[in-house]
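**Student:** For reference, the file query-v2.txt (compact mmCIF, C-alpha atoms) is included below:
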```
# COMPACT_ATOMS: atom_id res chain seq x y z
CA GLY F 23 20.83 16.72 9.24
CA LEU F 24 18.85 19.48 7.58
CA ALA F 25 22.00 20.86 5.97
CA VAL F 26 22.89 17.42 4.56
CA ALA F 27 19.36 17.06 3.17
CA ILE F 28 19.50 20.50 1.53
CA ILE F 29 22.97 19.84 0.08
CA GLY F 30 21.76 16.48 -1.26
CA LEU F 31 18.71 18.11 -2.82
CA CYS F 32 20.85 20.78 -4.47
CA ILE F 33 23.37 18.27 -5.81
CA THR F 34 20.54 16.13 -7.18
CA TRP F 35 18.78 19.12 -8.73
CA ILE F 36 21.97 20.29 -10.46
CA PHE F 37 23.60 17.01 -11.52
CA VAL F 38 20.88 14.37 -11.88
CA LYS F 39 19.13 14.61 -15.22
CA ASP F 40 15.75 13.26 -16.24
CA THR F 41 16.16 9.75 -17.63
CA SER F 42 12.92 9.59 -19.64
CA SER F 43 14.85 10.02 -22.92
CA PHE F 44 16.96 6.97 -22.06
CA VAL F 45 13.84 4.99 -21.17
CA GLN F 46 12.27 5.96 -24.51
CA VAL F 47 15.33 4.83 -26.49
CA GLU F 48 15.55 1.61 -24.48
CA SER F 49 11.89 0.77 -25.02
CA GLU F 50 12.19 1.36 -28.78
CA THR F 51 15.38 -0.64 -29.32
CA THR F 52 14.77 -3.70 -27.19
CA SER F 53 12.07 -6.26 -27.31
CA SER F 54 11.38 -8.87 -24.71
CA SER F 55 10.00 -12.36 -25.06
CA ILE F 56 8.67 -12.13 -21.50
CA PRO F 57 4.91 -11.52 -21.58
CA ARG F 58 3.49 -8.46 -19.84
CA LEU F 59 1.95 -8.95 -16.43
CA ASN F 60 -1.83 -8.66 -16.60
CA ASN F 61 -2.40 -8.36 -12.86
CA VAL F 62 0.84 -7.41 -11.16
CA PHE F 63 -0.33 -8.26 -7.63
CA ILE F 64 -1.80 -11.68 -8.48
CA GLU F 65 1.07 -12.73 -10.71
CA THR F 66 3.88 -11.58 -8.45
CA SER F 67 2.17 -12.95 -5.34
CA PHE F 68 0.69 -16.24 -6.52
CA THR F 69 0.89 -17.40 -10.12
CA ASN F 70 4.48 -16.68 -11.22
CA ARG F 71 6.70 -18.94 -9.09
CA ASN F 72 9.88 -16.94 -9.61
CA LEU F 73 8.33 -13.55 -8.91
CA SER F 74 6.36 -14.95 -5.98
CA ALA F 75 9.48 -16.43 -4.38
CA VAL F 76 11.44 -13.20 -4.82
CA THR F 77 8.55 -11.13 -3.50
CA GLN F 78 8.22 -13.29 -0.40
CA ALA F 79 11.97 -13.28 0.20
CA GLY F 80 11.96 -9.50 -0.26
CA LEU F 81 9.24 -9.19 2.35
CA VAL F 82 11.29 -11.25 4.81
CA ASN F 83 14.37 -9.17 4.01
CA ASN F 84 12.46 -5.94 4.67
CA LEU F 85 11.07 -7.36 7.91
CA ASN F 86 14.63 -8.27 8.95
CA ASP F 87 15.82 -4.80 8.07
CA GLY F 88 13.02 -3.03 9.92
CA MET F 89 13.44 -5.26 12.94
CA VAL F 90 17.19 -4.68 13.08
CA TRP F 91 16.80 -0.91 12.74
CA GLY F 92 14.30 -0.90 15.59
CA LEU F 93 15.80 -3.51 17.89
CA LEU F 94 19.55 -3.10 17.49
CA PRO F 95 19.77 0.13 19.50
CA ILE F 96 17.43 -1.30 22.14
CA ILE F 97 19.43 -4.53 22.46
CA LEU F 98 22.70 -2.62 22.61
CA SER F 99 21.26 -0.34 25.27
CA GLN F 100 20.08 -3.32 27.33
CA LYS F 101 23.56 -4.78 27.07
CA HIS F 102 24.89 -1.53 28.59
CA PHE F 103 26.71 -0.15 25.56
CA SER F 104 27.37 3.58 25.59
CA LEU F 105 25.40 5.90 23.32
CA ILE F 106 28.49 6.44 21.15
CA ASP F 107 29.03 2.67 20.79
CA ILE F 108 25.36 2.18 19.92
CA GLY F 109 25.67 4.81 17.20
CA ILE F 110 28.86 3.31 15.79
CA ILE F 111 27.66 -0.31 15.84
CA SER F 112 24.26 0.65 14.39
CA SER F 113 25.87 2.65 11.59
CA ILE F 114 28.23 -0.15 10.54
CA TYR F 115 25.32 -2.21 9.20
CA PRO F 116 24.10 0.30 6.57
CA ALA F 117 27.66 1.38 5.73
CA VAL F 118 28.76 -2.19 4.98
CA TRP F 119 25.49 -2.83 3.15
CA GLY F 120 25.86 0.23 0.93
CA LEU F 121 29.52 -0.29 0.11
CA SER F 122 29.20 -4.05 -0.41
CA GLN F 123 26.40 -3.61 -2.94
CA ILE F 124 28.97 -2.28 -5.38
CA VAL F 125 30.46 -5.79 -5.48
CA THR F 126 27.38 -7.93 -4.85
CA GLY F 127 25.28 -6.08 -7.42
CA LYS F 128 27.74 -7.01 -10.14
CA LEU F 129 28.11 -10.50 -8.67
CA ALA F 130 24.35 -11.06 -9.13
CA ASP F 131 24.89 -10.74 -12.90
CA HIS F 132 27.54 -13.48 -12.96
CA ILE F 133 26.58 -16.20 -10.49
CA SER F 134 23.37 -18.00 -9.57
CA LYS F 135 20.88 -15.50 -8.19
CA LYS F 136 19.14 -18.23 -6.20
CA LYS F 137 22.38 -19.17 -4.45
CA LEU F 138 23.25 -15.54 -3.77
CA LEU F 139 19.79 -14.97 -2.28
CA PHE F 140 20.00 -18.15 -0.21
CA TRP F 141 23.45 -17.42 1.22
CA GLY F 142 22.67 -13.76 1.82
CA MET F 143 19.47 -14.50 3.71
CA LEU F 144 21.17 -17.29 5.65
CA LEU F 145 23.94 -14.88 6.64
CA GLN F 146 21.31 -12.38 7.80
CA ALA F 147 19.53 -15.08 9.83
CA VAL F 148 22.74 -16.21 11.51
CA ALA F 149 23.70 -12.61 12.32
CA ILE F 150 20.27 -11.87 13.78
CA ALA F 151 20.37 -15.05 15.87
CA TYR F 152 23.88 -14.22 17.08
CA LEU F 153 22.72 -10.72 17.97
CA MET F 154 21.16 -12.11 21.12
CA LEU F 155 24.31 -14.04 22.08
CA ALA F 156 26.88 -11.36 21.32
CA SER F 157 28.07 -9.59 24.42
CA ASN F 158 31.09 -7.45 23.63
CA TYR F 159 31.89 -4.63 21.22
CA PHE F 160 33.83 -6.79 18.73
CA GLN F 161 31.04 -9.36 18.52
CA MET F 162 28.43 -6.67 17.95
CA VAL F 163 30.55 -5.11 15.21
CA LEU F 164 30.77 -8.54 13.57
CA VAL F 165 26.99 -8.88 13.76
CA SER F 166 26.61 -5.50 12.02
CA VAL F 167 29.17 -6.42 9.37
CA PHE F 168 27.53 -9.78 8.63
CA LEU F 169 24.09 -8.19 8.51
CA GLY F 170 25.42 -5.61 6.07
CA ILE F 171 27.05 -8.20 3.84
CA GLY F 172 23.98 -10.43 3.92
CA THR F 173 21.68 -7.56 3.01
CA ALA F 174 24.06 -6.44 0.28
CA MET F 175 23.98 -9.95 -1.16
CA VAL F 176 20.19 -10.06 -1.37
CA TYR F 177 19.01 -6.54 -2.08
CA PRO F 178 20.53 -5.94 -5.54
CA THR F 179 19.89 -9.60 -6.37
CA PHE F 180 16.17 -9.07 -5.74
CA LEU F 181 16.21 -6.16 -8.16
CA ALA F 182 18.14 -8.10 -10.80
CA THR F 183 15.84 -11.11 -10.45
CA ILE F 184 12.69 -9.01 -10.77
CA SER F 185 14.23 -7.34 -13.81
CA ASP F 186 15.00 -10.72 -15.38
CA HIS F 187 11.40 -11.88 -15.00
CA THR F 188 9.49 -8.77 -16.04
```
Translate the structure of the given file into structure tokens.
**Tutor:**
Amino acid sequence: GLAVAIIGLCITWIFVKDTSSFVQVESETTSSSIPRLNNVFIETSFTNRNLSAVTQAGLVNNLNDGMVWGLLPIILSQKHFSLIDIGIISSIYPAVWGLSQIVTGKLADHISKKKLLFWGMLLQAVAIAYLMLASNYFQMVLVSVFLGIGTAMVYPTFLATISDHT
């Protein structure tokens, strides 16, 4: 793990360049009709309906994610899965999530963000509910896949929606 972290740091240090020059050009060349937020917390939490809804849905999504990361290995262990199976099933969720975002991130620019958020969160909810009913390896893999797809549907859509409204 330490070697992967060091390699990642080195690759980032060598290949990732500071983007402040791009931000400067972008801020000079584009203007927005969206007013600035005076109080980010109040407006995103209470007064701006769109930002408030996305913020609340994002909170639920993060709670789902944290709960799954904590409970999935415990549930799998209680259902007598081997340590290797627990590792494989638990890793499918973030792998599917990460890879699916390549598609769903672009999809969020072309279809209704509200529908994508709704269906993604519904898919997460169904997968989490089925987590308790699933009993064999295949069913648990399906739960992980559906959780990954659901999270991939909502996560980049949250970012795109926030970007659209700020």
**Student:** Enumerate, as a list in words, the protein, DNA and RNA residues whose atoms approach (15.3, -9.4, -5.1) to within 8 Å, taking into account only C-alpha atoms and the coordinate frame of the file.
**Tutor:**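 Result, sorted by chain then residue number: Val76, Thr77, Ala79, Gly80, Leu139, Val176, Tyr177, Pro178, Thr179, Phe180, Leu181, Ala182, Thr183 and Ile184 of chain F.
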**Student:** Measure the distance from CA of Gly142 (chain F) to CA of Thr173 (chain F) in Å and round it to one decimal.
**Tutor:**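 It comes out at 6.4 Å.
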**Student:** Using all atoms listed in the file, can you tell me which of F:Ala130, F:Gly120, F:Phe160, F:Asp186 comes closest to Ser54 (chain F)?
**Tutor:**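 Selected residue with least distance to Ser54 (chain F): F:Asp186.
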**Student:** Considering all atoms listed in the file, can you say which of F:Val38, F:Ile56, F:Val148, F:Leu81 comes closest to Ser185 (chain F)?
**Tutor:**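 Among F:Val38, F:Ile56, F:Val148, F:Leu81, it is F:Ile56 that comes nearest to Ser185 (chain F).
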**Student:** Quick one, how far is CA of Trp119 (chain F) from CA of Ser166 (chain F)?
**Tutor:**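 Those two atoms sit 9.3 Å apart.
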**Student:** Would you compute the distance between CA of Leu144 (chain F) and CA of Asn86 (chain F)? Give it in Å to one decimal.
**Tutor:**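 Those two atoms sit 11.6 Å apart.
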**Student:** Counting only C-alpha atoms, figure out which residue out of F:Ile36, F:Ile133, F:Val47, F:Met162 gets nearest to Gly109 (chain F).
**Tutor:** F:Met162
